[in-house]
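This report concerns only the one structure given below.
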Amino acid sequence: MELVSENPIGPGLADFHCLVRIEGAKLLLTPSGDMDFAALATLTAVRALIDPYTSAVHVELGGVPFMDSSGINFLTSLQDDCGRRGIALEVAGLRSQPRQLLMFIGDRLYALCARGCDDQVYR
């Protein structure tokens, strides 16, 4: 796939930002920092990048050490949006705290995210 665009979205020097890469029709998101209330503006901007030509979204969460309900709501809405549009969603790199939070609440996202866990890398 050809790389079309690679841009960070977010304040840059703040605690949270998201690197966005577009490869053909695939949207690759790499958030970095705590996925909490302070990250909502960036997460909203990222979600708006999904267009009718997007065939897949990959979210690499290895740079997200902490997630609260804002992060869960983002992932849930992303999953719903992708499901409605027939877009494949892949979540990878789930670290300990976000994984434990999803397991605790028994969220439907855990099944999706569990495939992206690597206990050896993200302890």
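We label chains A, B, ... in the order they appear in the structure tokens, count residues from 1 in each chain, and number ligands from 1 in the order shown.
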
**Item:** Selection near Thr44 of chain A, 12 Å with only C-alpha atoms, sequence-local residues under 2 positions removed, as a ChimeraX atom specification
**Value:** /A:9-10,17-18,35,37-42,46-50,70-71,73-75,77-78

What does the file look like for those residues with N, CA and C atoms, as an mmCIF file, in the first residue's frame?
data_model
loop_
_atom_site.group_PDB
_atom_site.id
_atom_site.type_symbol
_atom_site.label_atom_id
_atom_site.label_comp_id
_atom_site.auth_asym_id
_atom_site.auth_seq_id
_atom_site.Cartn_x
_atom_site.Cartn_y
_atom_site.Cartn_z
ATOM 1 N N ILE A 9 -2.242 14.492 14.982
ATOM 2 C CA ILE A 9 -3.387 15.313 15.344
ATOM 3 C C ILE A 9 -3.336 15.488 16.847
ATOM 4 N N GLY A 10 -3.469 16.720 17.284
ATOM 5 C CA GLY A 10 -3.434 17.029 18.705
ATOM 6 C C GLY A 10 -2.388 18.083 18.959
ATOM 7 N N HIS A 17 -1.553 12.843 21.839
ATOM 8 C CA HIS A 17 -1.674 13.147 20.415
ATOM 9 C C HIS A 17 -1.899 11.826 19.681
ATOM 10 N N CYS A 18 -2.234 11.932 18.415
ATOM 11 C CA CYS A 18 -2.490 10.729 17.632
ATOM 12 C C CYS A 18 -1.846 10.878 16.263
ATOM 13 N N MET A 35 -5.599 8.250 27.345
ATOM 14 C CA MET A 35 -6.838 8.387 26.585
ATOM 15 C C MET A 35 -7.942 8.695 27.598
ATOM 16 N N PHE A 37 -10.410 12.361 29.354
ATOM 17 C CA PHE A 37 -11.226 13.514 28.978
ATOM 18 C C PHE A 37 -10.415 14.560 28.219
ATOM 19 N N ALA A 38 -9.179 14.763 28.604
ATOM 20 C CA ALA A 38 -8.334 15.768 27.949
ATOM 21 C C ALA A 38 -8.030 15.399 26.499
ATOM 22 N N ALA A 39 -8.199 14.135 26.136
ATOM 23 C CA ALA A 39 -7.912 13.674 24.776
ATOM 24 C C ALA A 39 -9.131 13.742 23.860
ATOM 25 N N LEU A 40 -10.300 14.130 24.390
ATOM 26 C CA LEU A 40 -11.532 14.059 23.608
ATOM 27 C C LEU A 40 -11.501 14.867 22.315
ATOM 28 N N ALA A 41 -10.973 16.070 22.344
ATOM 29 C CA ALA A 41 -10.952 16.894 21.127
ATOM 30 C C ALA A 41 -10.137 16.206 20.030
ATOM 31 N N THR A 42 -8.999 15.638 20.406
ATOM 32 C CA THR A 42 -8.163 14.940 19.441
ATOM 33 C C THR A 42 -8.867 13.680 18.933
ATOM 34 N N VAL A 46 -9.962 12.745 15.083
ATOM 35 C CA VAL A 46 -9.486 11.513 14.449
ATOM 36 C C VAL A 46 -10.662 10.724 13.882
ATOM 37 N N ARG A 47 -11.717 10.599 14.651
ATOM 38 C CA ARG A 47 -12.885 9.830 14.206
ATOM 39 C C ARG A 47 -13.518 10.454 12.968
ATOM 40 N N ALA A 48 -13.435 11.754 12.857
ATOM 41 C CA ALA A 48 -14.008 12.454 11.702
ATOM 42 C C ALA A 48 -13.261 12.160 10.403
ATOM 43 N N LEU A 49 -12.079 11.561 10.482
ATOM 44 C CA LEU A 49 -11.298 11.251 9.284
ATOM 45 C C LEU A 49 -11.818 10.036 8.519
ATOM 46 N N ILE A 50 -12.701 9.274 9.142
ATOM 47 C CA ILE A 50 -13.264 8.104 8.456
ATOM 48 C C ILE A 50 -14.212 8.620 7.383
ATOM 49 N N SER A 70 -13.675 7.968 28.775
ATOM 50 C CA SER A 70 -13.567 8.701 27.503
ATOM 51 C C SER A 70 -12.948 7.820 26.428
ATOM 52 N N GLY A 71 -11.905 7.090 26.779
ATOM 53 C CA GLY A 71 -11.278 6.178 25.836
ATOM 54 C C GLY A 71 -12.197 5.034 25.456
ATOM 55 N N ASN A 73 -15.487 5.116 25.522
ATOM 56 C CA ASN A 73 -16.539 5.670 24.667
ATOM 57 C C ASN A 73 -16.035 5.891 23.244
ATOM 58 N N PHE A 74 -14.785 6.349 23.105
ATOM 59 C CA PHE A 74 -14.213 6.528 21.770
ATOM 60 C C PHE A 74 -14.154 5.193 21.034
ATOM 61 N N LEU A 75 -13.607 4.165 21.679
ATOM 62 C CA LEU A 75 -13.482 2.861 21.028
ATOM 63 C C LEU A 75 -14.853 2.264 20.702
ATOM 64 N N SER A 77 -17.705 3.936 20.153
ATOM 65 C CA SER A 77 -18.317 4.666 19.037
ATOM 66 C C SER A 77 -17.604 4.352 17.726
ATOM 67 N N LEU A 78 -16.294 4.161 17.786
ATOM 68 C CA LEU A 78 -15.536 3.787 16.599
ATOM 69 C C LEU A 78 -15.974 2.405 16.107
#

**Prompt:** With only C-alpha atoms as the atoms that count, which of A:Leu29, A:Leu102, A:Leu89, A:Leu43 lies nearest to Gly62 of chain A?
**Reply:** A:Leu29

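Computed from the coordinates, the atom CA of Asp51 of chain A to atom CA of Phe66 of chain A distance equals 28.1 Å.
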
**Request:** Run DSSP on the backbone of this structure and report the residues of segment 21-97 of chain A it assigns to helix (DSSP H, G or I), as a PyMOL selection string.
**Result:** chain A and resi 37-47+69-85+96-97

**Message:** What's the separation between atom CA of Gly33 of chain A and atom CA of Val57 of chain A, in Å to one decimal place?
**Reply:** 19.5 Å
